[in-house]
$ cat run_14.cif   # mmCIF, C-alpha atoms
data_entry
loop_
_atom_site.label_atom_id
_atom_site.label_comp_id
_atom_site.auth_asym_id
_atom_site.auth_seq_id
_atom_site.Cartn_x
_atom_site.Cartn_y
_atom_site.Cartn_z
CA MET D 1311 0.00 0.00 0.00
CA ARG D 1312 1.24 3.47 -0.87
CA GLU D 1313 2.70 5.25 2.14
CA ALA D 1314 0.31 8.22 1.98
CA SER D 1315 -2.75 5.95 1.83
CA LEU D 1316 -1.55 3.93 4.82
CA ALA D 1317 -0.98 7.13 6.81
CA PHE D 1318 -4.51 8.28 5.96
CA LEU D 1319 -6.01 4.92 6.96
CA LYS D 1320 -4.26 5.10 10.34
CA GLN D 1321 -5.45 8.65 10.94
CA LEU D 1322 -9.00 7.82 9.89
CA VAL D 1323 -9.48 4.81 12.18
CA GLU D 1324 -7.91 6.62 15.12
CA THR D 1325 -10.28 9.59 14.66
CA PRO D 1326 -13.56 9.26 16.59
CA SER D 1327 -16.79 8.75 14.63
CA PRO D 1328 -19.51 7.06 16.71
CA SER D 1329 -22.87 7.10 14.94
CA GLY D 1330 -24.21 10.66 15.06
CA PHE D 1331 -20.77 12.08 15.86
CA GLU D 1332 -18.94 11.43 12.59
CA GLN D 1333 -17.84 15.03 11.98
CA PRO D 1334 -14.13 14.68 12.91
CA ALA D 1335 -13.68 11.67 10.61
CA GLN D 1336 -15.67 13.30 7.82
CA GLU D 1337 -13.35 16.32 7.92
CA LEU D 1338 -10.51 13.96 7.03
CA VAL D 1339 -12.62 12.34 4.31
CA ARG D 1340 -13.37 15.73 2.73
CA ARG D 1341 -9.69 16.57 2.67
CA GLU D 1342 -8.77 13.31 0.94
CA LEU D 1343 -11.65 13.46 -1.53
CA ALA D 1344 -10.70 17.01 -2.51
CA ALA D 1345 -7.48 15.62 -3.99
CA VAL D 1346 -9.16 12.94 -6.13
CA ALA D 1347 -12.72 14.07 -6.95
CA ASP D 1348 -14.04 16.74 -9.31
CA GLU D 1349 -16.36 18.03 -6.61
CA VAL D 1350 -17.02 17.28 -2.93
CA THR D 1351 -20.25 17.96 -1.04
CA THR D 1352 -21.63 17.36 2.45
CA ASP D 1353 -25.38 17.03 2.99
CA VAL D 1354 -27.47 18.01 5.99
CA HIS D 1355 -27.25 14.45 7.31
CA GLY D 1356 -23.43 14.51 7.32
CA ASN D 1357 -22.79 12.22 4.34
CA VAL D 1358 -19.73 13.29 2.33
CA THR D 1359 -19.73 12.67 -1.44
CA GLY D 1360 -16.97 12.95 -4.00
CA VAL D 1361 -17.99 12.89 -7.67
CA LEU D 1362 -16.18 12.08 -10.90
CA ASN D 1363 -17.66 12.81 -14.33
CA ALA D 1364 -20.80 14.25 -12.76
CA LYS D 1365 -22.58 15.12 -16.03
CA ALA D 1366 -22.88 11.50 -17.17
CA GLU D 1367 -26.47 10.24 -17.05
CA PHE D 1368 -25.54 6.73 -15.83
CA ARG D 1369 -24.69 7.08 -12.14
CA VAL D 1370 -22.77 4.64 -9.96
CA MET D 1371 -22.85 5.08 -6.19
CA LEU D 1372 -20.17 3.62 -3.94
CA ALA D 1373 -20.95 3.73 -0.22
CA GLY D 1374 -18.80 2.96 2.81
CA HIS D 1375 -20.06 4.01 6.22
CA VAL D 1376 -17.66 5.99 8.38
CA ASP D 1377 -19.53 5.61 11.66
CA GLU D 1378 -18.43 3.16 14.35
CA ILE D 1379 -19.97 1.74 17.49
CA GLY D 1380 -19.32 3.56 20.74
CA MET D 1381 -20.95 4.77 23.93
CA MET D 1382 -22.43 7.98 25.34
CA VAL D 1383 -22.31 9.62 28.76
CA THR D 1384 -25.80 9.42 30.26
CA HIS D 1385 -25.16 10.22 33.93
CA VAL D 1386 -22.50 11.63 36.24
CA SER D 1387 -22.66 10.36 39.83
CA ASP D 1388 -22.14 12.42 42.97
CA LYS D 1389 -18.68 10.85 43.30
CA GLY D 1390 -17.71 11.85 39.76
CA TYR D 1391 -18.05 8.51 37.98
CA LEU D 1392 -19.56 8.43 34.49
CA HIS D 1393 -22.31 6.04 33.44
CA CYS D 1394 -23.09 5.39 29.80
CA SER D 1395 -25.28 3.72 27.20
CA ALA D 1396 -24.27 2.00 23.97
CA ILE D 1397 -24.21 3.56 20.52
CA GLY D 1398 -24.76 0.60 18.21
CA GLY D 1399 -23.96 -3.04 18.91
CA VAL D 1400 -21.43 -2.89 21.75
CA ASP D 1401 -20.38 -6.24 23.26
CA VAL D 1402 -20.66 -5.42 26.98
CA THR D 1403 -18.51 -8.38 28.02
CA LEU D 1404 -15.50 -6.65 26.39
CA VAL D 1405 -16.00 -3.23 27.98
CA PRO D 1406 -14.72 -3.75 31.57
CA GLY D 1407 -11.07 -2.88 32.03
CA GLN D 1408 -10.83 -0.87 28.80
CA ARG D 1409 -9.30 2.54 28.40
CA VAL D 1410 -11.68 4.91 26.63
CA HIS D 1411 -11.70 8.41 25.20
CA ILE D 1412 -14.51 10.79 26.10
CA HIS D 1413 -14.91 13.43 23.38
CA ASN D 1414 -16.08 16.99 23.89
CA GLU D 1415 -15.75 20.36 22.17
CA ARG D 1416 -12.30 20.89 23.70
CA GLY D 1417 -10.87 17.57 22.57
CA ARG D 1418 -10.75 14.30 24.43
CA LEU D 1419 -9.83 12.91 27.82
CA VAL D 1420 -8.92 9.44 28.96
CA GLY D 1421 -11.03 7.32 31.25
CA VAL D 1422 -10.98 3.71 32.41
CA VAL D 1423 -13.98 1.39 32.64
CA GLY D 1424 -14.15 0.07 36.17
CA LYS D 1425 -15.80 -2.93 37.79
CA LYS D 1426 -15.45 -4.83 41.00
CA ALA D 1427 -12.14 -6.66 41.30
CA ILE D 1428 -12.50 -10.43 40.99
CA HIS D 1429 -11.61 -10.80 44.69
CA LEU D 1430 -14.74 -8.85 45.63
CA LEU D 1431 -17.25 -10.64 43.39
CA THR D 1432 -19.75 -13.08 44.84
CA GLU D 1433 -20.12 -16.47 43.15
CA GLU D 1434 -23.35 -15.27 41.53
CA GLU D 1435 -21.69 -12.10 40.25
CA ARG D 1436 -18.83 -14.13 38.74
CA ARG D 1437 -21.30 -16.20 36.75
CA ARG D 1438 -23.37 -13.27 35.53
CA SER D 1439 -22.48 -11.29 32.42
CA PRO D 1440 -21.98 -7.59 33.12
CA ARG D 1441 -24.60 -5.03 32.15
CA LEU D 1442 -23.46 -1.70 30.78
CA HIS D 1443 -25.33 0.33 33.38
CA ASP D 1444 -23.58 -1.65 36.14
CA LEU D 1445 -20.19 -0.42 34.90
CA TRP D 1446 -18.69 3.05 35.29
CA ILE D 1447 -15.96 5.21 33.80
CA ASP D 1448 -13.34 6.67 36.10
CA ILE D 1449 -11.71 9.91 34.90
CA GLY D 1450 -10.03 10.65 38.23
CA ALA D 1451 -12.61 13.27 39.21
CA LYS D 1452 -12.97 14.35 42.85
CA ASP D 1453 -16.76 14.53 42.64
CA ARG D 1454 -19.65 15.36 40.30
CA LYS D 1455 -18.80 19.05 40.17
CA ASP D 1456 -15.21 18.31 39.24
CA ALA D 1457 -16.25 15.75 36.60
CA LEU D 1458 -18.68 18.19 34.97
CA LYS D 1459 -15.81 20.60 34.38
CA ALA D 1460 -14.43 18.03 31.92
CA VAL D 1461 -17.46 16.13 30.53
CA ALA D 1462 -21.13 16.62 29.81
CA VAL D 1463 -24.14 14.36 29.45
CA GLY D 1464 -24.32 13.34 25.79
CA ASP D 1465 -20.55 13.27 25.18
CA PRO D 1466 -19.59 10.33 22.92
CA ILE D 1467 -17.09 7.69 24.01
CA THR D 1468 -14.77 5.45 21.97
CA PHE D 1469 -12.24 2.77 22.83
CA ALA D 1470 -8.70 4.09 23.24
CA VAL D 1471 -6.99 1.53 21.02
CA PRO D 1472 -4.29 2.60 18.52
CA PHE D 1473 -3.71 1.38 14.97
CA VAL D 1474 -1.02 -1.31 15.15
CA HIS D 1475 0.68 -3.63 12.65
CA LEU D 1476 0.72 -7.33 13.45
CA ARG D 1477 2.72 -9.75 11.29
CA ASN D 1478 2.68 -9.70 7.50
CA ASP D 1479 0.12 -7.20 6.13
CA ILE D 1480 -2.31 -7.57 9.06
CA VAL D 1481 -3.36 -4.52 11.09
CA VAL D 1482 -5.52 -4.09 14.18
CA CYS D 1483 -7.62 -1.24 15.56
CA HIS D 1484 -11.16 -0.44 16.64
CA GLY D 1485 -13.59 0.94 14.09
CA PHE D 1486 -12.46 -0.92 10.97
CA ASP D 1487 -16.22 -1.55 10.73
CA ASP D 1488 -16.58 0.35 8.55
CA LYS D 1489 -13.96 3.05 8.18
CA VAL D 1490 -12.18 0.68 5.83
CA GLY D 1491 -15.27 1.03 3.61
CA SER D 1492 -14.93 4.80 3.44
CA PHE D 1493 -11.20 4.34 2.88
CA VAL D 1494 -11.80 1.98 -0.06
CA VAL D 1495 -14.30 4.42 -1.61
CA ILE D 1496 -11.63 7.12 -1.61
CA GLU D 1497 -8.94 4.76 -2.90
CA THR D 1498 -11.26 3.68 -5.72
CA LEU D 1499 -11.79 7.29 -6.79
CA ARG D 1500 -8.02 7.78 -6.58
CA ARG D 1501 -7.53 4.91 -9.03
CA LEU D 1502 -10.16 6.39 -11.37
CA THR D 1503 -8.89 9.97 -11.35
CA GLY D 1504 -7.75 10.95 -14.81
CA LYS D 1505 -9.14 7.79 -16.44
CA PRO D 1506 -11.74 7.89 -19.25
CA LEU D 1507 -15.12 7.28 -17.63
CA ALA D 1508 -18.38 6.48 -19.38
CA VAL D 1509 -20.38 6.84 -16.16
CA ALA D 1510 -20.64 9.23 -13.25
CA VAL D 1511 -19.10 7.97 -10.02
CA HIS D 1512 -20.48 9.16 -6.68
CA GLY D 1513 -18.28 7.98 -3.81
CA VAL D 1514 -20.06 8.43 -0.48
CA SER D 1515 -18.77 8.20 3.07
CA THR D 1516 -22.11 7.55 4.76
CA VAL D 1517 -23.19 8.13 8.36
CA GLN D 1518 -25.32 6.34 10.96
CA GLU D 1519 -25.24 2.90 9.37
CA GLU D 1520 -24.96 1.29 12.80
CA LEU D 1521 -28.29 2.87 13.79
CA GLY D 1522 -30.30 1.68 10.79
CA LEU D 1523 -28.54 2.39 7.46
CA ARG D 1524 -29.68 6.01 7.71
CA GLY D 1525 -26.99 7.81 5.70
CA ALA D 1526 -27.27 5.40 2.81
CA ARG D 1527 -31.02 5.98 2.61
CA THR D 1528 -30.72 9.73 2.22
CA SER D 1529 -27.65 9.55 -0.05
CA ALA D 1530 -29.21 7.05 -2.42
CA TYR D 1531 -32.39 9.11 -2.64
CA ARG D 1532 -30.38 12.23 -3.50
CA ILE D 1533 -28.04 10.60 -6.05
CA ASP D 1534 -30.69 8.32 -7.60
CA PRO D 1535 -28.07 5.91 -9.02
CA GLN D 1536 -28.61 3.15 -11.56
CA VAL D 1537 -25.98 1.03 -9.75
CA GLY D 1538 -25.18 1.24 -6.03
CA ILE D 1539 -22.46 -0.78 -4.33
CA ALA D 1540 -21.87 -0.87 -0.59
CA ILE D 1541 -18.38 -1.54 0.72
CA ASP D 1542 -18.47 -3.03 4.21
CA VAL D 1543 -16.78 -5.66 6.34
CA THR D 1544 -17.85 -9.27 6.74
CA HIS D 1545 -17.00 -11.95 9.27
CA ALA D 1546 -13.85 -13.92 8.54
CA SER D 1547 -14.09 -17.63 9.34
CA ASP D 1548 -10.37 -18.35 9.71
CA PHE D 1549 -10.08 -18.15 13.51
CA PRO D 1550 -10.69 -20.77 16.22
CA GLY D 1551 -14.35 -21.40 16.88
CA ALA D 1552 -15.63 -19.83 13.66
CA GLU D 1553 -18.13 -21.97 11.77
CA ALA D 1554 -17.46 -22.09 8.03
CA LYS D 1555 -20.75 -23.99 7.75
CA GLU D 1556 -22.50 -20.77 8.75
CA LEU D 1557 -20.15 -18.07 7.50
CA GLY D 1558 -18.61 -19.72 4.46
CA GLU D 1559 -14.88 -19.94 3.77
CA VAL D 1560 -13.64 -16.38 4.33
CA SER D 1561 -9.99 -15.67 5.10
CA LEU D 1562 -7.96 -12.54 5.71
CA GLY D 1563 -5.76 -11.91 2.69
CA GLY D 1564 -7.99 -14.02 0.43
CA GLY D 1565 -9.36 -10.99 -1.37
CA PRO D 1566 -12.64 -9.05 -1.33
CA VAL D 1567 -15.79 -11.04 -0.61
CA LEU D 1568 -18.56 -11.03 -3.22
CA HIS D 1569 -22.12 -12.13 -2.56
CA ARG D 1570 -25.11 -13.86 -4.11
CA GLY D 1571 -28.62 -13.37 -2.78
CA ALA D 1572 -31.75 -11.26 -2.82
CA ASN D 1573 -29.92 -8.06 -1.86
CA ILE D 1574 -27.60 -8.38 -4.86
CA ASN D 1575 -28.65 -7.49 -8.40
CA PRO D 1576 -27.67 -10.55 -10.51
CA VAL D 1577 -26.20 -8.40 -13.30
CA VAL D 1578 -24.06 -6.32 -10.93
CA GLY D 1579 -23.04 -9.36 -8.89
CA GLY D 1580 -22.15 -11.31 -12.01
CA ARG D 1581 -20.08 -8.48 -13.49
CA LEU D 1582 -18.12 -8.09 -10.25
CA ILE D 1583 -17.21 -11.79 -10.40
CA LYS D 1584 -16.38 -11.56 -14.11
CA THR D 1585 -14.19 -8.50 -13.52
CA ALA D 1586 -12.29 -10.22 -10.72
CA ARG D 1587 -11.63 -13.24 -12.92
CA GLN D 1588 -10.60 -11.23 -15.99
CA LYS D 1589 -8.25 -8.95 -14.04
CA ARG D 1590 -6.94 -11.83 -11.91
CA ILE D 1591 -7.98 -10.20 -8.67
CA PRO D 1592 -8.40 -12.75 -5.85
CA TYR D 1593 -11.92 -12.89 -4.46
CA GLN D 1594 -14.06 -14.99 -2.15
CA MET D 1595 -17.77 -15.84 -2.22
CA GLN D 1596 -20.33 -15.66 0.55
CA ALA D 1597 -24.02 -16.52 0.48
CA ALA D 1598 -26.49 -13.75 1.32
CA PRO D 1599 -29.91 -15.43 1.60
CA HIS D 1600 -31.45 -12.49 3.48
CA ALA D 1601 -31.12 -8.72 3.58
CA THR D 1602 -27.43 -8.13 4.23
CA GLY D 1603 -27.74 -5.59 7.03
CA THR D 1604 -25.40 -3.24 5.11
CA ASP D 1605 -25.89 -0.02 3.18
CA ALA D 1606 -26.64 -2.23 0.15
CA ASN D 1607 -30.01 -3.04 1.71
CA ALA D 1608 -31.03 0.63 1.92
CA ILE D 1609 -29.61 1.47 -1.51
CA GLN D 1610 -31.46 -1.38 -3.23
CA ILE D 1611 -34.91 -0.14 -2.22
CA SER D 1612 -34.34 3.59 -2.75
CA ARG D 1613 -36.94 5.32 -4.91
CA SER D 1614 -38.10 2.82 -7.57
CA GLY D 1615 -35.17 0.49 -6.93
CA VAL D 1616 -31.43 0.39 -7.58
CA ALA D 1617 -29.25 -2.39 -8.99
CA ALA D 1618 -27.36 -3.06 -5.78
CA GLY D 1619 -24.10 -4.82 -5.06
CA LEU D 1620 -21.98 -5.53 -2.01
CA VAL D 1621 -18.22 -5.93 -1.77
CA SER D 1622 -17.00 -6.94 1.67
CA ILE D 1623 -13.65 -6.92 3.44
CA PRO D 1624 -12.84 -9.89 5.70
CA ASN D 1625 -12.72 -8.81 9.35
CA ARG D 1626 -11.85 -10.78 12.46
CA TYR D 1627 -13.39 -9.85 15.83
CA MET D 1628 -16.02 -7.43 14.51
CA HIS D 1629 -17.47 -4.93 17.01
CA THR D 1630 -14.59 -5.42 19.42
CA PRO D 1631 -11.76 -3.00 20.27
CA VAL D 1632 -9.34 -5.22 18.29
CA GLU D 1633 -10.79 -5.66 14.81
CA VAL D 1634 -8.27 -7.19 12.40
CA VAL D 1635 -8.06 -6.74 8.60
CA SER D 1636 -5.56 -7.28 5.79
CA LEU D 1637 -4.07 -4.32 3.93
CA LYS D 1638 -3.82 -6.54 0.86
CA ASP D 1639 -7.61 -7.05 0.94
CA LEU D 1640 -8.17 -3.29 1.05
CA GLU D 1641 -5.99 -2.77 -2.01
CA ASN D 1642 -7.62 -5.58 -3.97
CA THR D 1643 -11.08 -4.25 -3.10
CA SER D 1644 -10.37 -0.77 -4.48
CA ARG D 1645 -8.70 -2.33 -7.51
CA LEU D 1646 -11.74 -4.52 -8.22
CA LEU D 1647 -14.19 -1.63 -7.90
CA ALA D 1648 -12.13 0.61 -10.16
CA GLU D 1649 -11.89 -2.06 -12.86
CA PHE D 1650 -15.62 -2.78 -12.56
CA ILE D 1651 -16.47 0.88 -13.12
CA LEU D 1652 -14.02 1.28 -16.01
CA GLY D 1653 -15.73 -1.65 -17.72
CA LEU D 1654 -19.28 -0.28 -17.41
CA ASP D 1655 -21.25 0.60 -20.53
CA PRO D 1656 -24.12 3.10 -19.97
CA SER D 1657 -26.30 0.96 -22.22
CA LEU D 1658 -25.96 -2.00 -19.84
CA ASP D 1659 -29.29 -3.72 -19.16
CA LEU D 1660 -29.55 -4.19 -15.40
CA THR D 1661 -32.80 -6.14 -15.55
CA PRO D 1662 -32.40 -9.63 -14.01
#

$ encode --input "run_14.cif" --output "structure tokens"
Amino acid sequence: MREASLAFLKQLVETPSPSGFEQPAQELVRRELAAVADEVTTDVHGNVTGVLNAKAEFRVMLAGHVDEIGMMVTHVSDKGYLHCSAIGGVDVTLVPGQRVHIHNERGRLVGVVGKKAIHLLTEEERRRSPRLHDLWIDIGAKDRKDALKAVAVGDPITFAVPFVHLRNDIVVCHGFDDKVGSFVVIETLRRLTGKPLAVAVHGVSTVQEELGLRGARTSAYRIDPQVGIAIDVTHASDFPGAEAKELGEVSLGGGPVLHRGANINPVVGGRLIKTARQKRIPYQMQAAPHATGTDANAIQISRSGVAAGLVSIPNRYMHTPVEVVSLKDLENTSRLLAEFILGLDPSLDLTP
């Protein structure tokens, strides 16, 4: 991966963007898109769109959601401890003992998620899974008054986990779901910049996917694309305990994951597979017998319907503070999407 792209990826995933609080990450997205797109816009919802060849009548929408799961301050106790609720699908069993960042208008401060030490737990408490409202965040405050000098009810919270390289091309951080999608959208436009395009390309960094695919709904309505492809993560099945019988054979480094199912337009899905084969881009297949739960679901049913597709990036340990992806998969995903778009003919019949 080019050095500048890797530096941007690191900065993006380390920048907070819980659903509804995506503004800091979207500022970075706007900056990157300005270097590769003909025009960049931000809508009232917070979605950021970069466009190439905007005057073409055949429109392709690429969507990766920039929001991540997180938490929110809901109460400050008399002793200065913070209590919180989840933003999105937080696994509460992984929250105790974590360092977190609480974000406010002045920046961020560090807190730690406390719980009773194991020595103090009763046998019943040891057997019971923790509940988020039973936990607390310690910022070192003297009391409620002191804590409220630094935080406010409604402040968002993210895990304080840095971007780190493991072995080979594997990296770990929180929030790869789905900042890698927004990253791939930008990298795809970068690959297309200066190339002859027969279609318009609208690359969108969407918001609030974790709360119900909201940004994709409004973006797809505004763009009204003929083809819309979501770029998201999917569960890898190459770790202990994973069931390939349920998830399919999905490995980190094996290439982008393509899908077949009701959420996928057969023409778009077929051309993605054909493109991967022709350009010798490694890819993997995964069944999608139901709505995928990604932006592709919202895009597909926008207005009178869109020919939807989904390209997924293998991810281990989704919705944990230590999500793991392959840099090689990110590169191959943007390469596949760019080649797919370069091969599109505006006269293409998208009817199944």

$ closest_residue --input "run_14.cif" --among "D:Gly1522, D:Arg1501, D:Glu1553, D:Asp1639" --to "Ile1651 in chain D" --atoms "all atoms listed in the file"
D:Arg1501

$ closest_residue --input "run_14.cif" --among "D:Asn1357, D:Asn1607, D:Gln1408, D:Ser1657" --to "Val1517 in chain D" --atoms "all atoms listed in the file"
D:Asn1357

$ residues_around --input "run_14.cif" --residues "range 1377-1380 of chain D" --least-positions-apart "5" --cutoff "7 Å" --atoms "only C-alpha atoms" --output "ChimeraX atom specification"
/D:1327-1329,1332,1396-1400,1467-1468,1485,1487-1488,1517-1520

$ resolve_selection --input "run_14.cif" --expression "the PyMOL selection byres ((chain D and resi 1414-1417) around 9)" --output "JSON, numbers by chain"
{"D": [1412, 1413, 1418, 1419, 1460, 1461, 1462, 1465, 1466]}

$ closest_residue --input "run_14.cif" --among "D:Thr1498, D:Ser1315, D:Thr1432, D:Gln1321" --to "Ala1347 in chain D" --atoms "all atoms listed in the file"
D:Thr1498

$ closest_residue --input "run_14.cif" --among "D:Ala1648, D:Val1370, D:Leu1445, D:Val1481" --to "Ile1609 in chain D" --atoms "all atoms listed in the file"
D:Val1370

$ residues_around --input "run_14.cif" --residues "Glu1559 in chain D" --least-positions-apart "4" --cutoff "8 Å" --atoms "all atoms listed in the file" --output "ChimeraX atom specification"
/D:1546-1548,1554,1594-1596

$ residues_around --input "run_14.cif" --residues "Pro1592 in chain D" --least-positions-apart "5" --cutoff "10 Å" --atoms "only C-alpha atoms" --output "ChimeraX atom specification"
/D:1563-1567,1583,1586-1587,1639,1642-1643,1646

$ residues_around --input "run_14.cif" --residues "Pro1631 in chain D" --least-positions-apart "2" --cutoff "9 Å" --atoms "only C-alpha atoms" --output "NGL selection string"
:D and (1404-1405 or 1408 or 1469-1471 or 1482-1485 or 1627-1629 or 1633)

$ closest_residue --input "run_14.cif" --among "D:Gln1610, D:Ser1622, D:Thr1661, D:Ser1561" --to "Leu1640 in chain D" --atoms "all atoms listed in the file"
D:Ser1622

$ resolve_selection --input "run_14.cif" --expression "the PyMOL selection byres ((chain D and resi 1407) around 6)" --output "PyMOL selection string"
chain D and resi 1406+1408+1423-1424

$ closest_residue --input "run_14.cif" --among "D:Ile1496, D:Ala1508, D:Ala1427, D:Val1402" --to "Gly1360 in chain D" --atoms "only C-alpha atoms"
D:Ile1496

$ resolve_selection --input "run_14.cif" --expression "the PyMOL selection byres ((chain D and resi 1451) around 12)" --output "ChimeraX atom specification"
/D:1386-1392,1419-1422,1447-1450,1452-1461

$ build_atoms --input "run_14.cif" --residues "range 1528-1548 of chain D" --atoms "N, CA and C atoms" --output "compact mmCIF listing (two decimals), in the frame of the given file"
# COMPACT_ATOMS: atom_id res chain seq x y z
N THR D 1528 -30.62 8.37 2.72
CA THR D 1528 -30.72 9.73 2.22
C THR D 1528 -29.79 9.97 1.04
N SER D 1529 -28.60 9.38 1.05
CA SER D 1529 -27.65 9.55 -0.05
C SER D 1529 -28.18 8.93 -1.34
N ALA D 1530 -28.71 7.72 -1.24
CA ALA D 1530 -29.21 7.05 -2.42
C ALA D 1530 -30.41 7.79 -3.00
N TYR D 1531 -31.24 8.34 -2.14
CA TYR D 1531 -32.39 9.11 -2.64
C TYR D 1531 -31.91 10.34 -3.40
N ARG D 1532 -30.89 11.02 -2.87
CA ARG D 1532 -30.38 12.23 -3.50
C ARG D 1532 -29.68 11.94 -4.82
N ILE D 1533 -28.84 10.91 -4.86
CA ILE D 1533 -28.04 10.60 -6.05
C ILE D 1533 -28.88 9.92 -7.11
N ASP D 1534 -29.83 9.08 -6.69
CA ASP D 1534 -30.69 8.32 -7.60
C ASP D 1534 -29.84 7.53 -8.60
N PRO D 1535 -28.98 6.62 -8.12
CA PRO D 1535 -28.07 5.91 -9.02
C PRO D 1535 -28.76 4.76 -9.76
N GLN D 1536 -28.18 4.37 -10.90
CA GLN D 1536 -28.61 3.15 -11.56
C GLN D 1536 -27.97 1.94 -10.88
N VAL D 1537 -26.71 2.09 -10.44
CA VAL D 1537 -25.98 1.03 -9.75
C VAL D 1537 -25.49 1.59 -8.42
N GLY D 1538 -25.68 0.83 -7.34
CA GLY D 1538 -25.18 1.24 -6.03
C GLY D 1538 -24.49 0.08 -5.35
N ILE D 1539 -23.24 0.29 -4.96
CA ILE D 1539 -22.46 -0.78 -4.33
C ILE D 1539 -22.01 -0.33 -2.94
N ALA D 1540 -22.34 -1.12 -1.95
CA ALA D 1540 -21.87 -0.87 -0.59
C ALA D 1540 -20.54 -1.58 -0.38
N ILE D 1541 -19.65 -0.93 0.34
CA ILE D 1541 -18.38 -1.54 0.72
C ILE D 1541 -18.39 -1.61 2.24
N ASP D 1542 -18.38 -2.84 2.76
CA ASP D 1542 -18.47 -3.03 4.21
C ASP D 1542 -17.55 -4.17 4.60
N VAL D 1543 -17.55 -4.51 5.87
CA VAL D 1543 -16.78 -5.66 6.34
C VAL D 1543 -17.71 -6.86 6.47
N THR D 1544 -17.11 -8.05 6.47
CA THR D 1544 -17.85 -9.27 6.74
C THR D 1544 -17.03 -10.14 7.66
N HIS D 1545 -17.68 -11.10 8.30
CA HIS D 1545 -17.00 -11.95 9.27
C HIS D 1545 -16.05 -12.92 8.58
N ALA D 1546 -14.78 -12.88 8.97
CA ALA D 1546 -13.85 -13.92 8.54
C ALA D 1546 -14.21 -15.22 9.28
N SER D 1547 -13.82 -16.34 8.69
CA SER D 1547 -14.09 -17.63 9.34
C SER D 1547 -12.80 -18.42 9.53
N ASP D 1548 -11.68 -17.68 9.63
CA ASP D 1548 -10.37 -18.35 9.71
C ASP D 1548 -9.75 -18.26 11.10
